[in-house]
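To start, the structure under review is shown below, and the notes come after it.
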Amino acid sequence: MHTHAYGNHAADRPLEALTIERREVGPTDVAIDILFCGVCHSDLHTALGEWGRTKYPCVPGHEIVGRVTAVGGEVEQFHEGDIVGVGCMVDSCGVCPSCRESEEQYCTGTGFVGTYNGDDRHLGGHTFGGYSKHVVVDQAFVLRIRHDEKNLAAVAPLLCAGITTYSPLRHWKVGPGQDVGIVGLGGLGHMGVKIAAAMGARVTVFTPSPDKREDALKLGANDVIISRDAEAMKAAEGKFDFILNTVAAPLDLDPYLRALKRDGTMVLVGVPADPHKSPDVGNLIFRRRSLAGSLIGGVKETQEMLDFCHEHGLTADIEIIRMDEINTAYDRMAKSDVKYRFVIDMASLA
Ligand code: NAP
Ligand code: ZN
């Protein structure tokens with residue numbers, strides 16, 4: 001069926017209204033009317049072709065919350081009227097070791113199918129994301145939302161920003177008694193602060209922007225280090241068990257590696273268009289520190305994160321926009337002017 005959507009036809013073209021095709025509901029499918037869709041920096045990287053592998057037309061959006069309108073004959077867990085979420089993936093091979101462990105994002109069989117810009121296994125061509133009115137997704141990639149219905153716009157960002165920060169915090173066993181640094185206070189970073197604090201860690205935000213200090217403390221950070229302040233960075237050396245780096249641009253990683261204790265780990269989740277400068281290996285070797293990466297999170301863990309956030313009363317701090325404000329939102333996002341996630345009210349898409 002035809003669906004109204006918003007996307008762009010080339011890297012140098014703005015996003016505009018367009019029409020896309022959604023498949024008919026198959027036996028294991030869930031059809032969803034999209035209520036809200038968060039705006040991830042990955043949407044911007046992709047739409048603007050910054051990672052160099054975008055298929056056009058590009059309809060971004062992988063922080064989807066909506067209402068079920070129909071389910072296939074074999075679907076038992078979801079019913080018409082349920083509030084559900086869809087994150088960054090809509091398919092994977094299902095049989096490789098990663099898929100069997102519900103780490104579908106690391107699927108080695110076929111690779112996971114992205115909610116947008118992936119290979120559409122049903123209609124051919126490529127997948128279209130949540131900047132649209134309606135989507136059909138296999139039940140295995142649909143999440144249950146337990147948050148209050150009046151908070152749904154602020155729940156949408158959990159589907160990517162939430163899981164991308166929750167997953168490494170869990171994997172590296174962050175908890176009480178630990179000092180955790182969050183680098184970059186944007187969509188991912190602000191969720192990282194909230195989740196790490198809810199896990200019981202002492203949280204410090206690293207940001208170049210002094211005007212984000214008050215916000216960081218309100219979000220749950222215990223401390224803020226202004227990363228342009230060389231003396232403050234020097235004073236932070238050897239203090240952190242774990243650092244989650246969410247910055248969307250090339251960065252000098254060395255001051256952050258030096259901020260780790262012996263055996264500490266810094267995990268990169270930001271995917272800048274141009275690479276970071278290679279760090280000084282001495283900063284790793286002389287304190288047995290680790291530099292790692294992490295990609296979103298599996299379906300099972302995404303459900304666990306949603307339930308954790310529901311239990312702890314966590315949602316994103318958002319600015320709701322109309323669909324036709326997306327190009328301005330991208331301009332602001334590119335300037336780190338986001339507090340702290342744009343969410344599109346899909347009712348604004350005619
Ligand atoms: P965002 O909301 O734009 O936040 C990024 C933050 O990085 C900014 O708020 C800013 O915080 C900092 N920054 C510093 N220099 C910047 C620059 N030149 N341009 C932009 N930001 C800059 O982005 P996001 O949605 O949190 O995403 C962050 C990165 O993670 C992106 O690269 C995105 O593609 C990636 N991502 C990765 C995964 C994964 O699975 N690994 C999942 C989702 C997104 P300060 O002002 O505090 O410096
Ligand atoms: Zn994302």
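Chain identifiers are assigned as A, B, and so on, following the order in which chains appear in the structure tokens; residues are numbered from 1 within each chain, and ligands are numbered from 1 in order of appearance.
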
So which bits of region 26-255 of chain A end up strand (DSSP E or B) when you DSSP the backbone, as number ranges by chain? A: 29-39, 58, 64-71, 83-86, 89-91, 113-114, 119, 126, 132, 134-138, 143-144, 179-183, 202-207, 223-226, 240-245

Show me which residues sit within 6 Å of ligand 1 when counting only C-alpha atoms and all ligand atoms, and put them as an NGL selection string. :A and (40-42 or 160-161 or 164 or 184-189 or 207-209 or 246-249 or 269-272 or 294-296 or 333-336)

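Take CA of Tyr6 (chain A) and CA of Val68 (chain A): the distance between them is 20.9 Å.
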
Taking only C-alpha atoms into account, produce a table as CSV in which each residue of region 2-98 of chain A with an atom at most 12 Å from an atom of region 112-124 of chain A appears once, together with its shortest atom pair and the distance in Å to one decimal, ordered by chain and rising number.
```
residue,atom,partner,partner_atom,distance
A:Gly7,CA,A:Tyr116,CA,10.8
A:Ile20,CA,A:Leu123,CA,11.3
A:Glu21,CA,A:Leu123,CA,8.5
A:Arg22,CA,A:Leu123,CA,8.1
A:Arg23,CA,A:Leu123,CA,6.8
A:Glu24,CA,A:His122,CA,9.6
A:Val25,CA,A:His122,CA,10.8
A:Gly26,CA,A:His122,CA,9.9
A:Asp29,CA,A:His122,CA,11.4
A:Ser42,CA,A:Tyr116,CA,10.6
A:Asp43,CA,A:Tyr116,CA,9.0
A:His45,CA,A:Asn117,CA,11.8
A:Thr46,CA,A:Asn117,CA,8.2
A:Ala47,CA,A:Asn117,CA,9.5
A:Gly49,CA,A:Asn117,CA,11.0
A:Trp51,CA,A:Asn117,CA,11.7
A:Gly52,CA,A:Asn117,CA,11.7
A:Arg53,CA,A:Asn117,CA,8.5
A:Thr54,CA,A:Asn117,CA,6.5
A:Lys55,CA,A:Asn117,CA,6.1
A:Tyr56,CA,A:Asn117,CA,8.3
A:Pro57,CA,A:Asn117,CA,9.2
A:Cys58,CA,A:Asn117,CA,6.9
A:Val59,CA,A:Tyr116,CA,6.6
A:Pro60,CA,A:Tyr116,CA,5.8
A:Gly61,CA,A:Tyr116,CA,7.0
A:His62,CA,A:Thr115,CA,6.0
A:Glu63,CA,A:Thr115,CA,9.4
A:Ile64,CA,A:Thr115,CA,9.7
A:Gly85,CA,A:Thr115,CA,11.9
A:Val86,CA,A:Thr115,CA,8.2
A:Gly87,CA,A:Thr115,CA,7.2
A:Cys88,CA,A:Thr115,CA,5.2
A:Met89,CA,A:Gly114,CA,4.5
A:Val90,CA,A:Thr115,CA,5.3
A:Asp91,CA,A:Val113,CA,4.9
A:Ser92,CA,A:Phe112,CA,4.3
A:Cys93,CA,A:Phe112,CA,7.1
A:Gly94,CA,A:Phe112,CA,9.3
A:Val95,CA,A:Phe112,CA,11.7
A:Cys96,CA,A:Phe112,CA,11.0
A:Ser98,CA,A:Phe112,CA,10.4
```

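If you count only C-alpha atoms and ignore residues fewer than 3 places along the chain from Ser290 (chain A), what sits within 9 Å of it is Leu257, Asp263, Gly264, Thr265, Met266, Val267, Leu284 and Ile285 of chain A.
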
Mind writing the picked residues with all heavy atoms as a PDB file, in the first residue's frame?
```
ATOM      1  N   LEU A 257      41.413   8.682  26.882  1.00  0.00           N
ATOM      2  CA  LEU A 257      42.079   7.429  27.283  1.00  0.00           C
ATOM      3  C   LEU A 257      42.883   7.646  28.568  1.00  0.00           C
ATOM      4  O   LEU A 257      42.878   6.806  29.467  1.00  0.00           O
ATOM      5  CB  LEU A 257      42.991   6.925  26.158  1.00  0.00           C
ATOM      6  CG  LEU A 257      42.252   6.377  24.930  1.00  0.00           C
ATOM      7  CD1 LEU A 257      43.245   6.043  23.818  1.00  0.00           C
ATOM      8  CD2 LEU A 257      41.426   5.135  25.290  1.00  0.00           C
ATOM      9  N   ASP A 263      43.167  -0.575  33.493  1.00  0.00           N
ATOM     10  CA  ASP A 263      42.136  -1.550  33.105  1.00  0.00           C
ATOM     11  C   ASP A 263      40.795  -0.931  32.711  1.00  0.00           C
ATOM     12  O   ASP A 263      39.821  -1.650  32.486  1.00  0.00           O
ATOM     13  CB  ASP A 263      41.889  -2.601  34.209  1.00  0.00           C
ATOM     14  CG  ASP A 263      43.071  -3.521  34.388  1.00  0.00           C
ATOM     15  OD1 ASP A 263      43.750  -3.808  33.376  1.00  0.00           O
ATOM     16  OD2 ASP A 263      43.345  -3.933  35.530  1.00  0.00           O
ATOM     17  N   GLY A 264      40.741   0.387  32.635  1.00  0.00           N
ATOM     18  CA  GLY A 264      39.497   1.033  32.218  1.00  0.00           C
ATOM     19  C   GLY A 264      39.240   0.860  30.723  1.00  0.00           C
ATOM     20  O   GLY A 264      40.150   0.529  29.956  1.00  0.00           O
ATOM     21  N   THR A 265      37.994   1.082  30.329  1.00  0.00           N
ATOM     22  CA  THR A 265      37.597   0.918  28.918  1.00  0.00           C
ATOM     23  C   THR A 265      36.874   2.168  28.420  1.00  0.00           C
ATOM     24  O   THR A 265      36.023   2.700  29.131  1.00  0.00           O
ATOM     25  CB  THR A 265      36.626  -0.289  28.769  1.00  0.00           C
ATOM     26  OG1 THR A 265      37.308  -1.466  29.189  1.00  0.00           O
ATOM     27  CG2 THR A 265      36.155  -0.462  27.326  1.00  0.00           C
ATOM     28  N   MET A 266      37.246   2.586  27.220  1.00  0.00           N
ATOM     29  CA  MET A 266      36.436   3.607  26.542  1.00  0.00           C
ATOM     30  C   MET A 266      35.753   2.956  25.353  1.00  0.00           C
ATOM     31  O   MET A 266      36.400   2.311  24.518  1.00  0.00           O
ATOM     32  CB  MET A 266      37.260   4.797  26.044  1.00  0.00           C
ATOM     33  CG  MET A 266      36.384   5.778  25.245  1.00  0.00           C
ATOM     34  SD  MET A 266      37.013   7.455  25.153  1.00  0.00           S
ATOM     35  CE  MET A 266      38.399   7.249  24.073  1.00  0.00           C
ATOM     36  N   VAL A 267      34.443   3.106  25.293  1.00  0.00           N
ATOM     37  CA  VAL A 267      33.662   2.551  24.192  1.00  0.00           C
ATOM     38  C   VAL A 267      33.206   3.680  23.273  1.00  0.00           C
ATOM     39  O   VAL A 267      32.620   4.659  23.722  1.00  0.00           O
ATOM     40  CB  VAL A 267      32.437   1.775  24.726  1.00  0.00           C
ATOM     41  CG1 VAL A 267      31.521   1.361  23.588  1.00  0.00           C
ATOM     42  CG2 VAL A 267      32.901   0.546  25.487  1.00  0.00           C
ATOM     43  N   LEU A 284      47.229   3.207  25.944  1.00  0.00           N
ATOM     44  CA  LEU A 284      46.574   1.912  26.167  1.00  0.00           C
ATOM     45  C   LEU A 284      47.506   0.981  26.929  1.00  0.00           C
ATOM     46  O   LEU A 284      47.147   0.405  27.960  1.00  0.00           O
ATOM     47  CB  LEU A 284      46.189   1.278  24.824  1.00  0.00           C
ATOM     48  CG  LEU A 284      45.207   2.073  23.961  1.00  0.00           C
ATOM     49  CD1 LEU A 284      45.086   1.451  22.572  1.00  0.00           C
ATOM     50  CD2 LEU A 284      43.842   2.140  24.633  1.00  0.00           C
ATOM     51  N   ILE A 285      48.740   0.857  26.415  1.00  0.00           N
ATOM     52  CA  ILE A 285      49.667  -0.167  26.909  1.00  0.00           C
ATOM     53  C   ILE A 285      50.068   0.050  28.368  1.00  0.00           C
ATOM     54  O   ILE A 285      50.062  -0.898  29.163  1.00  0.00           O
ATOM     55  CB  ILE A 285      50.917  -0.196  26.001  1.00  0.00           C
ATOM     56  CG1 ILE A 285      50.525  -0.759  24.629  1.00  0.00           C
ATOM     57  CG2 ILE A 285      52.041  -1.013  26.630  1.00  0.00           C
ATOM     58  CD1 ILE A 285      51.595  -0.616  23.563  1.00  0.00           C
TER      59      ILE A 285
END
```

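Checking A:Glu101, A:Thr165, A:Val224, A:Pro14 one by one against ligand 2, counting only C-alpha atoms and all ligand atoms, you find the shortest gap at A:Thr165.
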
Neighbours of region 177-179 of chain A within 6 Å (only C-alpha atoms; same-chain residues fewer than 5 positions away dropped), as a JSON list (two decimals) with N, CA and C atoms, in the first residue's frame?
```json
[["chain", "number", "residue", "atom", "x", "y", "z"],
["A", 201, "ALA", "N", 25.94, 4.33, 38.89],
["A", 201, "ALA", "CA", 27.31, 4.84, 38.73],
["A", 201, "ALA", "C", 27.38, 6.33, 39.07],
["A", 202, "ARG", "N", 28.59, 6.80, 39.40],
["A", 202, "ARG", "CA", 28.83, 8.25, 39.49],
["A", 202, "ARG", "C", 29.17, 8.72, 38.07],
["A", 240, "PHE", "N", 38.63, 7.32, 35.74],
["A", 240, "PHE", "CA", 37.38, 6.69, 35.27],
["A", 240, "PHE", "C", 37.53, 5.19, 35.01],
["A", 241, "ASP", "N", 36.48, 4.46, 35.44],
["A", 241, "ASP", "CA", 36.42, 3.02, 35.15],
["A", 241, "ASP", "C", 35.98, 2.78, 33.72]]
```

Using DSSP secondary structure from the backbone, list all alpha helix (DSSP H) positions within region 15-231 of chain A, as number ranges by chain. A: 41-47, 97-100, 152-155, 161-171, 187-198, 213-219, 230-231

Residue subset to file, keeping C-alpha atoms, as an mmCIF file, in the first residue's frame:
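Result written to result.cif:
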```
data_model
loop_
_atom_site.group_PDB
_atom_site.id
_atom_site.type_symbol
_atom_site.label_atom_id
_atom_site.label_comp_id
_atom_site.auth_asym_id
_atom_site.auth_seq_id
_atom_site.Cartn_x
_atom_site.Cartn_y
_atom_site.Cartn_z
ATOM 1 C CA HIS A 41 22.293 11.815 14.122
ATOM 2 C CA SER A 42 22.604 8.616 12.036
ATOM 3 C CA ASP A 43 19.537 9.831 10.085
ATOM 4 C CA LEU A 44 21.461 12.973 9.208
ATOM 5 C CA HIS A 45 24.707 11.099 8.367
ATOM 6 C CA THR A 46 22.676 8.814 6.077
ATOM 7 C CA ALA A 47 20.378 11.344 4.385
ATOM 8 C CA PRO A 97 25.484 -17.445 16.438
ATOM 9 C CA SER A 98 24.788 -13.721 17.015
ATOM 10 C CA CYS A 99 21.122 -14.025 16.043
ATOM 11 C CA ARG A 100 20.717 -17.090 18.247
ATOM 12 C CA LEU A 152 5.095 8.377 23.986
ATOM 13 C CA ALA A 153 6.959 11.131 22.140
ATOM 14 C CA ALA A 154 9.681 11.020 24.796
ATOM 15 C CA VAL A 155 9.829 7.213 24.625
ATOM 16 C CA ALA A 161 19.627 6.497 21.743
ATOM 17 C CA GLY A 162 18.406 4.426 24.702
ATOM 18 C CA ILE A 163 19.601 1.015 23.553
ATOM 19 C CA THR A 164 22.882 2.274 22.056
ATOM 20 C CA THR A 165 23.910 3.594 25.472
ATOM 21 C CA TYR A 166 22.242 0.905 27.627
ATOM 22 C CA SER A 167 23.890 -1.987 25.771
ATOM 23 C CA PRO A 168 27.560 -1.037 26.372
ATOM 24 C CA LEU A 169 26.806 0.116 29.929
ATOM 25 C CA ARG A 170 25.394 -3.366 30.623
ATOM 26 C CA HIS A 171 27.996 -5.273 28.619
ATOM 27 C CA GLY A 187 20.732 12.502 21.974
ATOM 28 C CA LEU A 188 22.848 9.466 22.874
ATOM 29 C CA GLY A 189 24.873 11.268 25.527
ATOM 30 C CA HIS A 190 21.919 12.536 27.521
ATOM 31 C CA MET A 191 20.380 9.054 27.595
ATOM 32 C CA GLY A 192 23.769 7.655 28.608
ATOM 33 C CA VAL A 193 23.795 10.025 31.591
ATOM 34 C CA LYS A 194 20.302 9.040 32.694
ATOM 35 C CA ILE A 195 20.833 5.307 32.278
ATOM 36 C CA ALA A 196 24.311 5.176 33.858
ATOM 37 C CA ALA A 197 22.989 7.176 36.831
ATOM 38 C CA ALA A 198 20.009 4.813 37.145
ATOM 39 C CA ARG A 213 26.699 22.214 32.543
ATOM 40 C CA GLU A 214 23.418 22.922 34.338
ATOM 41 C CA ASP A 215 21.487 20.559 32.064
ATOM 42 C CA ALA A 216 24.004 17.764 32.592
ATOM 43 C CA LEU A 217 23.587 18.017 36.357
ATOM 44 C CA LYS A 218 19.788 18.052 36.025
ATOM 45 C CA LEU A 219 19.932 14.957 33.822
ATOM 46 C CA ALA A 230 43.281 21.418 29.329
ATOM 47 C CA GLU A 231 43.872 21.742 33.075
#
```

Give me, as an MDAnalysis selection string, all polymer residues having an atom no more than 10 Å from Ile326 (chain A), counting only C-alpha atoms and skipping those fewer than 5 positions away in the same chain. chainID A and resid 6:7 14:16 39 44 131 321 331:332 342:344

Using only all heavy atoms, please write the residues we just selected to a file, as a short mmCIF file (atom, residue, chain, number, x, y, z; two decimals), in the first residue's frame.
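The result, written out as result10.cif:
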```
data_model
loop_
_atom_site.label_atom_id
_atom_site.label_comp_id
_atom_site.auth_asym_id
_atom_site.auth_seq_id
_atom_site.Cartn_x
_atom_site.Cartn_y
_atom_site.Cartn_z
N TYR A 6 8.60 11.13 4.28
CA TYR A 6 9.44 12.31 4.09
C TYR A 6 10.86 11.81 3.89
O TYR A 6 11.36 10.99 4.67
CB TYR A 6 9.37 13.19 5.34
CG TYR A 6 9.14 14.66 5.04
CD1 TYR A 6 7.88 15.11 4.67
CD2 TYR A 6 10.18 15.58 5.14
CE1 TYR A 6 7.65 16.47 4.41
CE2 TYR A 6 9.96 16.93 4.88
CZ TYR A 6 8.69 17.36 4.52
OH TYR A 6 8.47 18.69 4.27
N GLY A 7 11.48 12.29 2.83
CA GLY A 7 12.84 11.83 2.57
C GLY A 7 13.50 12.72 1.54
O GLY A 7 12.92 13.72 1.10
N PRO A 14 17.22 18.72 0.07
CA PRO A 14 16.53 18.68 1.36
C PRO A 14 15.50 17.56 1.41
O PRO A 14 15.14 17.00 0.36
CB PRO A 14 15.85 20.05 1.43
CG PRO A 14 15.72 20.51 0.02
CD PRO A 14 16.84 19.89 -0.75
N LEU A 15 15.04 17.24 2.60
CA LEU A 15 13.97 16.25 2.73
C LEU A 15 12.65 16.91 2.36
O LEU A 15 12.43 18.09 2.64
CB LEU A 15 13.91 15.70 4.16
CG LEU A 15 14.93 14.59 4.46
CD1 LEU A 15 16.34 15.14 4.55
CD2 LEU A 15 14.58 13.85 5.75
N GLU A 16 11.79 16.12 1.72
CA GLU A 16 10.49 16.64 1.28
C GLU A 16 9.47 15.51 1.30
O GLU A 16 9.85 14.33 1.45
CB GLU A 16 10.63 17.21 -0.14
CG GLU A 16 11.13 16.16 -1.12
CD GLU A 16 11.43 16.74 -2.51
OE1 GLU A 16 10.55 17.44 -3.04
OE2 GLU A 16 12.51 16.46 -3.05
N VAL A 39 14.68 11.68 15.99
CA VAL A 39 15.64 12.08 14.95
C VAL A 39 17.05 11.81 15.48
O VAL A 39 17.54 12.51 16.37
CB VAL A 39 15.47 13.57 14.59
CG1 VAL A 39 16.48 13.97 13.52
CG2 VAL A 39 14.05 13.85 14.12
N LEU A 44 20.80 11.87 9.91
CA LEU A 44 21.46 12.97 9.21
C LEU A 44 22.67 12.47 8.41
O LEU A 44 22.81 12.76 7.22
CB LEU A 44 21.88 14.02 10.24
CG LEU A 44 22.52 15.33 9.81
CD1 LEU A 44 22.42 16.35 10.94
CD2 LEU A 44 23.97 15.18 9.44
N TYR A 131 10.14 8.09 9.17
CA TYR A 131 9.59 9.39 8.79
C TYR A 131 8.43 9.12 7.83
O TYR A 131 8.47 9.47 6.64
CB TYR A 131 10.61 10.29 8.09
CG TYR A 131 11.85 10.71 8.84
CD1 TYR A 131 12.15 10.25 10.12
CD2 TYR A 131 12.75 11.62 8.27
CE1 TYR A 131 13.30 10.66 10.79
CE2 TYR A 131 13.90 12.04 8.93
CZ TYR A 131 14.17 11.54 10.19
OH TYR A 131 15.32 11.95 10.83
N ILE A 321 8.88 18.33 16.96
CA ILE A 321 8.84 19.13 15.73
C ILE A 321 7.78 18.58 14.77
O ILE A 321 7.36 17.43 14.90
CB ILE A 321 10.21 19.16 15.00
CG1 ILE A 321 10.66 17.74 14.62
CG2 ILE A 321 11.25 19.87 15.86
CD1 ILE A 321 11.83 17.71 13.63
N ASP A 331 19.97 21.02 10.49
CA ASP A 331 20.96 22.10 10.58
C ASP A 331 21.36 22.32 12.03
O ASP A 331 22.54 22.50 12.35
CB ASP A 331 20.36 23.42 10.03
CG ASP A 331 20.19 23.36 8.52
OD1 ASP A 331 20.78 22.46 7.89
OD2 ASP A 331 19.44 24.21 7.98
N ARG A 332 20.37 22.30 12.91
CA ARG A 332 20.67 22.52 14.33
C ARG A 332 21.47 21.35 14.91
O ARG A 332 22.39 21.55 15.70
CB ARG A 332 19.38 22.73 15.11
CG ARG A 332 18.78 24.12 14.87
CD ARG A 332 17.54 24.36 15.69
NE ARG A 332 17.74 24.06 17.11
CZ ARG A 332 16.76 23.91 17.99
NH1 ARG A 332 15.50 24.04 17.61
NH2 ARG A 332 17.03 23.64 19.26
N PHE A 342 15.31 15.68 18.94
CA PHE A 342 14.11 16.08 18.20
C PHE A 342 13.25 14.84 18.01
O PHE A 342 13.77 13.75 17.72
CB PHE A 342 14.49 16.64 16.82
CG PHE A 342 15.22 17.95 16.87
CD1 PHE A 342 16.53 18.04 16.43
CD2 PHE A 342 14.59 19.09 17.34
CE1 PHE A 342 17.22 19.26 16.47
CE2 PHE A 342 15.26 20.32 17.38
CZ PHE A 342 16.58 20.39 16.95
N VAL A 343 11.94 15.03 18.16
CA VAL A 343 11.00 13.94 17.88
C VAL A 343 9.91 14.50 16.97
O VAL A 343 9.34 15.56 17.25
CB VAL A 343 10.38 13.38 19.18
CG1 VAL A 343 9.30 12.35 18.86
CG2 VAL A 343 11.47 12.74 20.06
N ILE A 344 9.66 13.79 15.88
CA ILE A 344 8.65 14.24 14.92
C ILE A 344 7.27 13.74 15.34
O ILE A 344 7.10 12.53 15.60
CB ILE A 344 8.96 13.68 13.51
CG1 ILE A 344 10.39 14.04 13.09
CG2 ILE A 344 7.95 14.21 12.49
CD1 ILE A 344 10.98 13.10 12.05
#
```

For ligand 2, which residue among A:Tyr256, A:Pro157, A:Gly73, A:Ala347 is the nearest when counting only C-alpha atoms and all ligand atoms? A:Pro157

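Interatomic distance, CA of Pro275 (chain A) against CA of Trp172 (chain A): 24.2 Å.
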
Could you name the residues that touch Lys261 (chain A) at 8 Å or less, counting only C-alpha atoms, but leaving out those on the same chain fewer than 5 positions away, as a PyMOL selection string? chain A and resi 237-241+287+289

Show me, as a PyMOL selection string, the residues that have an atom within 8 Å of Thr69 (chain A) when counting only C-alpha atoms, minus same-chain residues fewer than 5 positions from it. chain A and resi 30-33+80-81
